[in-house]
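structure36.cif follows; it contains mmCIF, C-alpha atoms.
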```
data_query
loop_
_atom_site.group_PDB
_atom_site.id
_atom_site.type_symbol
_atom_site.label_atom_id
_atom_site.label_comp_id
_atom_site.auth_asym_id
_atom_site.auth_seq_id
_atom_site.Cartn_x
_atom_site.Cartn_y
_atom_site.Cartn_z
ATOM 1 C CA MET Z 1 140.060 -10.238 7.928
ATOM 2 C CA GLU Z 2 138.143 -10.232 11.207
ATOM 3 C CA MET Z 3 138.162 -14.043 11.307
ATOM 4 C CA LYS Z 4 141.959 -14.091 11.012
ATOM 5 C CA GLN Z 5 142.247 -11.661 13.929
ATOM 6 C CA GLN Z 6 140.000 -13.848 16.100
ATOM 7 C CA ARG Z 7 142.087 -16.913 15.276
ATOM 8 C CA LEU Z 8 145.268 -15.012 16.009
ATOM 9 C CA LEU Z 9 143.876 -13.763 19.326
ATOM 10 C CA SER Z 10 142.695 -17.222 20.339
ATOM 11 C CA TRP Z 11 146.096 -18.704 19.425
ATOM 12 C CA GLN Z 12 147.824 -16.016 21.486
ATOM 13 C CA PHE Z 13 145.620 -16.916 24.436
ATOM 14 C CA PHE Z 14 145.889 -20.704 24.157
ATOM 15 C CA SER Z 15 149.567 -20.896 23.209
ATOM 16 C CA PRO Z 16 150.916 -20.081 26.713
ATOM 17 C CA LEU Z 17 148.297 -22.387 28.235
ATOM 18 C CA ILE Z 18 149.360 -25.282 26.027
ATOM 19 C CA ILE Z 19 153.047 -24.612 26.740
ATOM 20 C CA THR Z 20 152.355 -24.533 30.484
ATOM 21 C CA LEU Z 21 150.424 -27.814 30.371
ATOM 22 C CA MET Z 22 153.161 -29.482 28.324
ATOM 23 C CA THR Z 23 155.781 -28.265 30.806
ATOM 24 C CA VAL Z 24 153.844 -29.685 33.740
ATOM 25 C CA VAL Z 25 153.433 -33.033 31.969
ATOM 26 C CA ILE Z 26 157.158 -33.184 31.180
ATOM 27 C CA ILE Z 27 158.088 -32.353 34.773
ATOM 28 C CA VAL Z 28 155.708 -34.965 36.211
ATOM 29 C CA LEU Z 29 156.869 -37.656 33.807
ATOM 30 C CA GLY Z 30 160.479 -36.632 34.309
ATOM 31 C CA THR Z 31 160.308 -37.407 38.017
ATOM 32 C CA GLY Z 32 159.894 -41.061 37.144
ATOM 33 C CA ASN Z 33 156.816 -41.403 39.308
ATOM 34 C CA THR Z 34 154.543 -43.288 36.970
ATOM 35 C CA ASN Z 35 152.116 -44.221 39.720
ATOM 36 C CA LEU Z 36 150.622 -40.923 40.840
ATOM 37 C CA LEU Z 37 148.448 -42.693 43.427
ATOM 38 C CA HIS Z 38 151.435 -44.305 45.120
ATOM 39 C CA ILE Z 39 151.783 -43.782 48.850
ATOM 40 C CA SER Z 40 155.412 -43.550 49.854
ATOM 41 C CA PRO Z 41 156.822 -45.562 52.753
ATOM 42 C CA ALA Z 42 157.085 -42.279 54.651
ATOM 43 C CA ALA Z 43 153.298 -42.122 54.743
ATOM 44 C CA ALA Z 44 153.266 -45.451 56.522
ATOM 45 C CA GLN Z 45 155.750 -44.293 59.155
ATOM 46 C CA ARG Z 46 153.082 -42.777 61.341
ATOM 47 C CA PHE Z 47 152.946 -46.303 62.759
ATOM 48 C CA SER Z 48 156.082 -48.061 63.831
ATOM 49 C CA SER Z 49 156.317 -51.588 62.510
ATOM 50 C CA SER Z 50 156.399 -52.871 66.096
ATOM 51 C CA ASP Z 51 153.009 -51.296 66.765
ATOM 52 C CA VAL Z 52 151.485 -52.718 63.625
ATOM 53 C CA TRP Z 53 152.634 -56.325 63.957
ATOM 54 C CA GLN Z 54 151.386 -56.368 67.550
ATOM 55 C CA LYS Z 55 147.990 -55.121 66.384
ATOM 56 C CA VAL Z 56 147.934 -57.848 63.740
ATOM 57 C CA TYR Z 57 148.486 -60.564 66.373
ATOM 58 C CA GLN Z 58 145.903 -58.989 68.681
ATOM 59 C CA GLN Z 59 143.314 -59.305 65.922
ATOM 60 C CA ILE Z 60 144.554 -62.627 64.489
ATOM 61 C CA PRO Z 61 145.994 -64.575 67.435
ATOM 62 C CA ASP Z 62 146.260 -67.813 65.428
ATOM 63 C CA LEU Z 63 148.532 -66.247 62.764
ATOM 64 C CA PRO Z 64 151.885 -68.077 62.964
ATOM 65 C CA GLN Z 65 154.506 -65.986 64.759
ATOM 66 C CA GLU Z 66 157.564 -67.596 63.152
ATOM 67 C CA ASN Z 67 159.705 -65.860 65.764
ATOM 68 C CA GLN Z 68 162.086 -68.680 66.657
ATOM 69 C CA TYR Z 69 165.077 -67.175 64.815
ATOM 70 C CA ILE Z 70 168.348 -66.320 66.562
ATOM 71 C CA SER Z 71 170.044 -62.923 66.367
ATOM 72 C CA LYS Z 72 173.510 -62.784 64.770
ATOM 73 C CA THR Z 73 174.728 -60.330 67.389
ATOM 74 C CA THR Z 74 173.143 -61.421 70.680
ATOM 75 C CA ARG Z 75 172.792 -65.135 69.854
ATOM 76 C CA GLN Z 76 169.362 -64.990 71.522
ATOM 77 C CA ILE Z 77 165.950 -65.702 70.033
ATOM 78 C CA VAL Z 78 164.406 -62.450 68.772
ATOM 79 C CA VAL Z 79 160.758 -62.887 69.710
ATOM 80 C CA THR Z 80 159.816 -59.497 68.231
ATOM 81 C CA ASN Z 81 161.038 -60.473 64.767
ATOM 82 C CA THR Z 82 157.791 -62.114 63.644
ATOM 83 C CA LEU Z 83 156.197 -63.210 60.411
ATOM 84 C CA ALA Z 84 153.856 -60.197 60.561
ATOM 85 C CA SER Z 85 156.680 -57.720 61.185
ATOM 86 C CA ARG Z 86 158.728 -59.105 58.286
ATOM 87 C CA LEU Z 87 155.679 -59.199 56.002
ATOM 88 C CA ILE Z 88 154.985 -55.527 56.750
ATOM 89 C CA ARG Z 89 158.631 -54.483 56.274
ATOM 90 C CA TYR Z 90 158.880 -56.428 53.010
ATOM 91 C CA HIS Z 91 155.628 -54.916 51.735
ATOM 92 C CA ILE Z 92 156.415 -51.297 52.564
ATOM 93 C CA TYR Z 93 160.192 -51.012 52.407
ATOM 94 C CA ASN Z 94 161.341 -53.725 49.995
ATOM 95 C CA LYS Z 95 158.486 -53.454 47.500
ATOM 96 C CA GLY Z 96 157.416 -49.863 48.182
ATOM 97 C CA ARG Z 97 153.756 -50.849 48.103
ATOM 98 C CA SER Z 98 151.003 -48.863 49.706
ATOM 99 C CA PRO Z 99 149.800 -50.231 53.052
ATOM 100 C CA ILE Z 100 146.242 -48.955 52.600
ATOM 101 C CA TYR Z 101 145.106 -50.948 49.570
ATOM 102 C CA ARG Z 102 143.915 -54.553 49.602
ATOM 103 C CA LEU Z 103 145.294 -55.260 46.132
ATOM 104 C CA ASP Z 104 148.808 -54.274 47.183
ATOM 105 C CA TRP Z 105 148.679 -56.658 50.154
ATOM 106 C CA LYS Z 106 147.318 -59.415 47.915
ATOM 107 C CA LEU Z 107 150.241 -58.873 45.539
ATOM 108 C CA THR Z 108 152.614 -59.202 48.480
ATOM 109 C CA LEU Z 109 151.018 -62.462 49.575
ATOM 110 C CA ALA Z 110 151.252 -63.640 45.977
ATOM 111 C CA ASP Z 111 155.000 -62.902 46.147
ATOM 112 C CA TYR Z 112 155.258 -65.256 49.125
ATOM 113 C CA LEU Z 113 153.308 -67.918 47.221
ATOM 114 C CA ASP Z 114 155.627 -67.606 44.181
ATOM 115 C CA ALA Z 115 152.694 -66.410 42.095
ATOM 116 C CA ASN Z 116 153.845 -62.846 41.463
ATOM 117 C CA GLU Z 117 157.263 -61.222 41.875
ATOM 118 C CA THR Z 118 160.465 -62.828 43.106
ATOM 119 C CA ILE Z 119 161.459 -62.271 46.714
ATOM 120 C CA TYR Z 120 165.238 -61.954 46.923
ATOM 121 C CA MET Z 121 166.776 -63.673 49.938
ATOM 122 C CA ASP Z 122 169.594 -61.136 50.285
ATOM 123 C CA SER Z 123 167.236 -58.220 50.838
ATOM 124 C CA TYR Z 124 164.529 -60.040 52.794
ATOM 125 C CA PRO Z 125 163.836 -58.571 56.272
ATOM 126 C CA GLY Z 126 165.798 -60.451 58.906
ATOM 127 C CA ASN Z 127 168.497 -61.680 56.542
ATOM 128 C CA ASP Z 128 171.002 -59.165 57.878
ATOM 129 C CA SER Z 129 170.179 -59.586 61.571
ATOM 130 C CA LEU Z 130 169.245 -63.252 62.013
ATOM 131 C CA GLN Z 131 171.504 -66.290 61.812
ATOM 132 C CA GLN Z 132 169.091 -68.012 59.428
ATOM 133 C CA ASN Z 133 167.141 -66.243 56.702
ATOM 134 C CA PRO Z 134 163.450 -66.553 57.669
ATOM 135 C CA LEU Z 135 162.122 -66.372 54.099
ATOM 136 C CA ALA Z 136 161.658 -70.125 53.594
ATOM 137 C CA GLY Z 137 159.792 -70.506 56.887
ATOM 138 C CA ASP Z 138 157.661 -67.449 56.169
ATOM 139 C CA ARG Z 139 156.703 -68.815 52.772
ATOM 140 C CA ILE Z 140 155.684 -72.136 54.302
ATOM 141 C CA ALA Z 141 153.643 -70.397 57.011
ATOM 142 C CA ILE Z 142 151.795 -68.236 54.477
ATOM 143 C CA SER Z 143 151.216 -71.178 52.141
ATOM 144 C CA LYS Z 144 149.522 -73.049 54.995
ATOM 145 C CA LEU Z 145 146.973 -70.246 55.474
ATOM 146 C CA THR Z 146 143.586 -70.816 53.873
ATOM 147 C CA ARG Z 147 142.218 -68.310 51.391
ATOM 148 C CA ARG Z 148 139.851 -67.046 54.077
ATOM 149 C CA GLN Z 149 142.750 -66.566 56.520
ATOM 150 C CA ARG Z 150 144.790 -64.712 53.877
ATOM 151 C CA ASN Z 151 141.832 -62.455 53.065
ATOM 152 C CA ASN Z 152 141.336 -61.786 56.761
ATOM 153 C CA LEU Z 153 145.036 -60.933 57.143
ATOM 154 C CA VAL Z 154 144.793 -58.503 54.226
ATOM 155 C CA GLN Z 155 141.710 -56.827 55.677
ATOM 156 C CA VAL Z 156 143.263 -56.530 59.136
ATOM 157 C CA LEU Z 157 146.398 -54.915 57.685
ATOM 158 C CA VAL Z 158 144.380 -52.449 55.601
ATOM 159 C CA ASN Z 159 142.221 -51.571 58.603
ATOM 160 C CA ILE Z 160 145.268 -50.981 60.802
ATOM 161 C CA PHE Z 161 146.989 -48.704 58.299
ATOM 162 C CA ASN Z 162 143.817 -46.924 57.223
ATOM 163 C CA PRO Z 163 141.411 -46.929 60.178
ATOM 164 C CA SER Z 164 139.316 -44.097 58.725
ATOM 165 C CA ASP Z 165 138.223 -46.177 55.728
ATOM 166 C CA GLN Z 166 137.441 -49.771 56.655
ATOM 167 C CA ASN Z 167 136.302 -50.742 53.138
ATOM 168 C CA ILE Z 168 139.285 -50.150 50.829
#
```

Could you write out this file's structure as structure tokens?
Amino acid sequence: MEMKQQRLLSWQFFSPLIITLMTVVIIVLGTGNTNLLHISPAAAQRFSSSDVWQKVYQQIPDLPQENQYISKTTRQIVVTNTLASRLIRYHIYNKGRSPIYRLDWKLTLADYLDANETIYMDSYPGNDSLQQNPLAGDRIAISKLTRRQRNNLVQVLVNIFNPSDQNI
């Protein structure tokens, strides 16, 4: 009889705990956020993209600028619309990838090299504001980089977005 009471008491204690845990799991899974370590694009907004691409070119001056494209509205060359600025916008805003992890940047470069996900021309940065979509030129420029240059680009981007941890 005493054993049944202990089991009943333990069930009464653990039952609300189990229900609470199940509720939390359902709520978390119901949000659709399957990647709990994901950093939203809002977290990357502490830097403006203009600041970041300039820092990239300060640290890698030989990275192709690819900024010869003409604006649809002003019909002038937009020198601030660079390969680095489009790469960053594509990575953060189109793909929603974290700017602080090397693997995410490597996946983005793999997109450009046609080795990972498809880059859609219609949503590529610059398509809406430039007379010519810069995607083809950007792909060529990235494909001409050596593996060492691509790795350096990845490390520079990670360091810029996450200066407190230089080894991610």

Here's the selection I'm unsure about, the PyMOL selection byres ((chain Z and resi 66) around 9); applied to the file above, which residues does it give, as a PDB file with C-alpha atoms, in the coordinates of the input?
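Output below, filename expr-v8.pdb:
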```
ATOM      1  CA  PRO Z  64     151.885 -68.077  62.964  1.00  0.00           C
ATOM      2  CA  GLN Z  65     154.506 -65.986  64.759  1.00  0.00           C
ATOM      3  CA  ASN Z  67     159.705 -65.860  65.764  1.00  0.00           C
ATOM      4  CA  GLN Z  68     162.086 -68.680  66.657  1.00  0.00           C
ATOM      5  CA  TYR Z  69     165.077 -67.175  64.815  1.00  0.00           C
ATOM      6  CA  VAL Z  79     160.758 -62.887  69.710  1.00  0.00           C
ATOM      7  CA  ASN Z  81     161.038 -60.473  64.767  1.00  0.00           C
ATOM      8  CA  THR Z  82     157.791 -62.114  63.644  1.00  0.00           C
ATOM      9  CA  LEU Z  83     156.197 -63.210  60.411  1.00  0.00           C
ATOM     10  CA  ALA Z  84     153.856 -60.197  60.561  1.00  0.00           C
ATOM     11  CA  PRO Z 134     163.450 -66.553  57.669  1.00  0.00           C
ATOM     12  CA  GLY Z 137     159.792 -70.506  56.887  1.00  0.00           C
ATOM     13  CA  ASP Z 138     157.661 -67.449  56.169  1.00  0.00           C
ATOM     14  CA  ALA Z 141     153.643 -70.397  57.011  1.00  0.00           C
TER      15      ALA Z 141
END
```

Separation of CA of Ile70 (chain Z) from CA of Gln131 (chain Z) in Å: 5.7 Å

Chain and number of each residue from the PyMOL selection byres ((chain Z and resi 116-127) around 10), as a count of residues only: 35

Straight-line distance linking CA of Val154 (chain Z) with CA of Tyr101 (chain Z), stated in Å to one decimal: 8.9 Å

Spatial neighbours of Val158 (chain Z), max dist 7 Å, all atoms listed in the file, sep filter under 6 positions, as a PyMOL selection string: chain Z and resi 99-102

Atomic separation - CA of Thr80 (chain Z) relative to CA of Leu153 (chain Z), Å: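 Atom-to-atom, CA of Leu153 (chain Z) to CA of Thr80 (chain Z), that is 18.5 Å.
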
Could you please fill out region 139-168 of chain Z with N, CA and C atoms and send it back as a PDB file, in the coordinates of the input?
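What ended up in result_24.pdb:
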```pdb
ATOM      1  N   ARG Z 139     157.459 -68.340  53.941  1.00  0.00           N
ATOM      2  CA  ARG Z 139     156.703 -68.815  52.772  1.00  0.00           C
ATOM      3  C   ARG Z 139     155.858 -70.030  53.129  1.00  0.00           C
ATOM      4  N   ILE Z 140     156.429 -70.941  53.886  1.00  0.00           N
ATOM      5  CA  ILE Z 140     155.684 -72.136  54.302  1.00  0.00           C
ATOM      6  C   ILE Z 140     154.493 -71.739  55.163  1.00  0.00           C
ATOM      7  N   ALA Z 141     154.720 -70.823  56.114  1.00  0.00           N
ATOM      8  CA  ALA Z 141     153.643 -70.397  57.011  1.00  0.00           C
ATOM      9  C   ALA Z 141     152.500 -69.745  56.227  1.00  0.00           C
ATOM     10  N   ILE Z 142     152.834 -68.901  55.270  1.00  0.00           N
ATOM     11  CA  ILE Z 142     151.795 -68.236  54.477  1.00  0.00           C
ATOM     12  C   ILE Z 142     151.095 -69.236  53.559  1.00  0.00           C
ATOM     13  N   SER Z 143     151.843 -70.189  53.028  1.00  0.00           N
ATOM     14  CA  SER Z 143     151.216 -71.178  52.141  1.00  0.00           C
ATOM     15  C   SER Z 143     150.243 -72.085  52.899  1.00  0.00           C
ATOM     16  N   LYS Z 144     150.430 -72.223  54.198  1.00  0.00           N
ATOM     17  CA  LYS Z 144     149.522 -73.049  54.995  1.00  0.00           C
ATOM     18  C   LYS Z 144     148.232 -72.316  55.368  1.00  0.00           C
ATOM     19  N   LEU Z 145     148.192 -70.999  55.174  1.00  0.00           N
ATOM     20  CA  LEU Z 145     146.973 -70.246  55.474  1.00  0.00           C
ATOM     21  C   LEU Z 145     145.924 -70.555  54.414  1.00  0.00           C
ATOM     22  N   THR Z 146     144.677 -70.634  54.836  1.00  0.00           N
ATOM     23  CA  THR Z 146     143.586 -70.816  53.873  1.00  0.00           C
ATOM     24  C   THR Z 146     143.328 -69.486  53.161  1.00  0.00           C
ATOM     25  N   ARG Z 147     142.577 -69.554  52.097  1.00  0.00           N
ATOM     26  CA  ARG Z 147     142.218 -68.310  51.391  1.00  0.00           C
ATOM     27  C   ARG Z 147     141.485 -67.358  52.326  1.00  0.00           C
ATOM     28  N   ARG Z 148     140.602 -67.886  53.129  1.00  0.00           N
ATOM     29  CA  ARG Z 148     139.851 -67.046  54.077  1.00  0.00           C
ATOM     30  C   ARG Z 148     140.807 -66.385  55.086  1.00  0.00           C
ATOM     31  N   GLN Z 149     141.778 -67.139  55.579  1.00  0.00           N
ATOM     32  CA  GLN Z 149     142.750 -66.566  56.520  1.00  0.00           C
ATOM     33  C   GLN Z 149     143.601 -65.493  55.847  1.00  0.00           C
ATOM     34  N   ARG Z 150     144.006 -65.719  54.604  1.00  0.00           N
ATOM     35  CA  ARG Z 150     144.790 -64.712  53.877  1.00  0.00           C
ATOM     36  C   ARG Z 150     143.960 -63.452  53.648  1.00  0.00           C
ATOM     37  N   ASN Z 151     142.706 -63.621  53.262  1.00  0.00           N
ATOM     38  CA  ASN Z 151     141.832 -62.455  53.065  1.00  0.00           C
ATOM     39  C   ASN Z 151     141.621 -61.693  54.368  1.00  0.00           C
ATOM     40  N   ASN Z 152     141.483 -62.422  55.455  1.00  0.00           N
ATOM     41  CA  ASN Z 152     141.336 -61.786  56.761  1.00  0.00           C
ATOM     42  C   ASN Z 152     142.602 -61.013  57.126  1.00  0.00           C
ATOM     43  N   LEU Z 153     143.762 -61.607  56.878  1.00  0.00           N
ATOM     44  CA  LEU Z 153     145.036 -60.933  57.143  1.00  0.00           C
ATOM     45  C   LEU Z 153     145.127 -59.641  56.339  1.00  0.00           C
ATOM     46  N   VAL Z 154     144.769 -59.693  55.076  1.00  0.00           N
ATOM     47  CA  VAL Z 154     144.793 -58.503  54.226  1.00  0.00           C
ATOM     48  C   VAL Z 154     143.874 -57.424  54.796  1.00  0.00           C
ATOM     49  N   GLN Z 155     142.662 -57.811  55.158  1.00  0.00           N
ATOM     50  CA  GLN Z 155     141.710 -56.827  55.677  1.00  0.00           C
ATOM     51  C   GLN Z 155     142.181 -56.225  56.994  1.00  0.00           C
ATOM     52  N   VAL Z 156     142.748 -57.032  57.861  1.00  0.00           N
ATOM     53  CA  VAL Z 156     143.263 -56.530  59.136  1.00  0.00           C
ATOM     54  C   VAL Z 156     144.388 -55.516  58.897  1.00  0.00           C
ATOM     55  N   LEU Z 157     145.294 -55.837  57.988  1.00  0.00           N
ATOM     56  CA  LEU Z 157     146.398 -54.915  57.685  1.00  0.00           C
ATOM     57  C   LEU Z 157     145.883 -53.598  57.108  1.00  0.00           C
ATOM     58  N   VAL Z 158     144.948 -53.669  56.180  1.00  0.00           N
ATOM     59  CA  VAL Z 158     144.380 -52.449  55.601  1.00  0.00           C
ATOM     60  C   VAL Z 158     143.686 -51.627  56.680  1.00  0.00           C
ATOM     61  N   ASN Z 159     142.929 -52.279  57.544  1.00  0.00           N
ATOM     62  CA  ASN Z 159     142.221 -51.571  58.603  1.00  0.00           C
ATOM     63  C   ASN Z 159     143.184 -50.902  59.585  1.00  0.00           C
ATOM     64  N   ILE Z 160     144.292 -51.552  59.876  1.00  0.00           N
ATOM     65  CA  ILE Z 160     145.268 -50.981  60.802  1.00  0.00           C
ATOM     66  C   ILE Z 160     145.921 -49.737  60.189  1.00  0.00           C
ATOM     67  N   PHE Z 161     146.305 -49.824  58.935  1.00  0.00           N
ATOM     68  CA  PHE Z 161     146.989 -48.704  58.299  1.00  0.00           C
ATOM     69  C   PHE Z 161     146.042 -47.599  57.863  1.00  0.00           C
ATOM     70  N   ASN Z 162     144.781 -47.921  57.678  1.00  0.00           N
ATOM     71  CA  ASN Z 162     143.817 -46.924  57.223  1.00  0.00           C
ATOM     72  C   ASN Z 162     142.532 -47.050  58.037  1.00  0.00           C
ATOM     73  N   PRO Z 163     142.579 -46.720  59.324  1.00  0.00           N
ATOM     74  CA  PRO Z 163     141.411 -46.929  60.178  1.00  0.00           C
ATOM     75  C   PRO Z 163     140.223 -46.067  59.800  1.00  0.00           C
ATOM     76  N   SER Z 164     140.442 -44.973  59.068  1.00  0.00           N
ATOM     77  CA  SER Z 164     139.316 -44.097  58.725  1.00  0.00           C
ATOM     78  C   SER Z 164     138.439 -44.682  57.625  1.00  0.00           C
ATOM     79  N   ASP Z 165     139.008 -45.578  56.809  1.00  0.00           N
ATOM     80  CA  ASP Z 165     138.223 -46.177  55.728  1.00  0.00           C
ATOM     81  C   ASP Z 165     138.357 -47.695  55.828  1.00  0.00           C
ATOM     82  N   GLN Z 166     137.393 -48.337  56.398  1.00  0.00           N
ATOM     83  CA  GLN Z 166     137.441 -49.771  56.655  1.00  0.00           C
ATOM     84  C   GLN Z 166     137.080 -50.601  55.433  1.00  0.00           C
ATOM     85  N   ASN Z 167     136.802 -49.988  54.290  1.00  0.00           N
ATOM     86  CA  ASN Z 167     136.302 -50.742  53.138  1.00  0.00           C
ATOM     87  C   ASN Z 167     137.179 -50.639  51.898  1.00  0.00           C
ATOM     88  N   ILE Z 168     138.430 -50.266  52.023  1.00  0.00           N
ATOM     89  CA  ILE Z 168     139.285 -50.150  50.829  1.00  0.00           C
ATOM     90  C   ILE Z 168     139.685 -51.523  50.373  1.00  0.00           C
TER      91      ILE Z 168
END
```
